[in-house]
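Enquirer: Before I ask anything, let me first share the structure, which is written out below as structure tokens.
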Amino acid sequence: MPQVFRIGAYSVYFWANEGKPLEAVHVHVSLGVPSEHATKIWITKAGKCLLFENSSRIPLNTLKNIMDIIEARHQTVIQKWRQFFGEIRFYC
């Protein structure tokens, strides 16, 4: 799992296998190390975050702060996605 960056104790990362065809750009977030019960956040073409599911049950105020940071760093996410997967598409 390629780690994109950390936000405090939270890991922001991709799964190495994001399906065929490749899913739209998104990140997983979990406390500590990557987990199969991670929170999934889509990144839009405009660089906004859309919460898909909060499987890791991150408290809502913490999740909002994490999403604000991801939005501020969306170019890094997109660049690392393209570098790792070789292509990119957006949910919206």
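In the structure tokens, chains take letters A, B, ... by order of appearance, with residues numbered from 1 within each chain and ligands from 1 in the order shown.
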Show which residues sit within 12 Å of range 36-46 of chain A, as a count of residues only. Count only C-alpha atoms, and ignore same-chain residues fewer than 3 positions away.

Expert: 50

Enquirer: As number ranges by chain, which residues of chain A does DSSP assign to helix (DSSP H, G or I)?

Expert: A: 60-72, 74-85

Enquirer: Under the rule that only C-alpha atoms are counted, which of A:Gln79, A:Ile69, A:Pro2, A:Pro34 is the nearest residue to Asn17 in chain A?

Expert: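 Of all the options, A:Pro2 lies closest to Asn17 in chain A.
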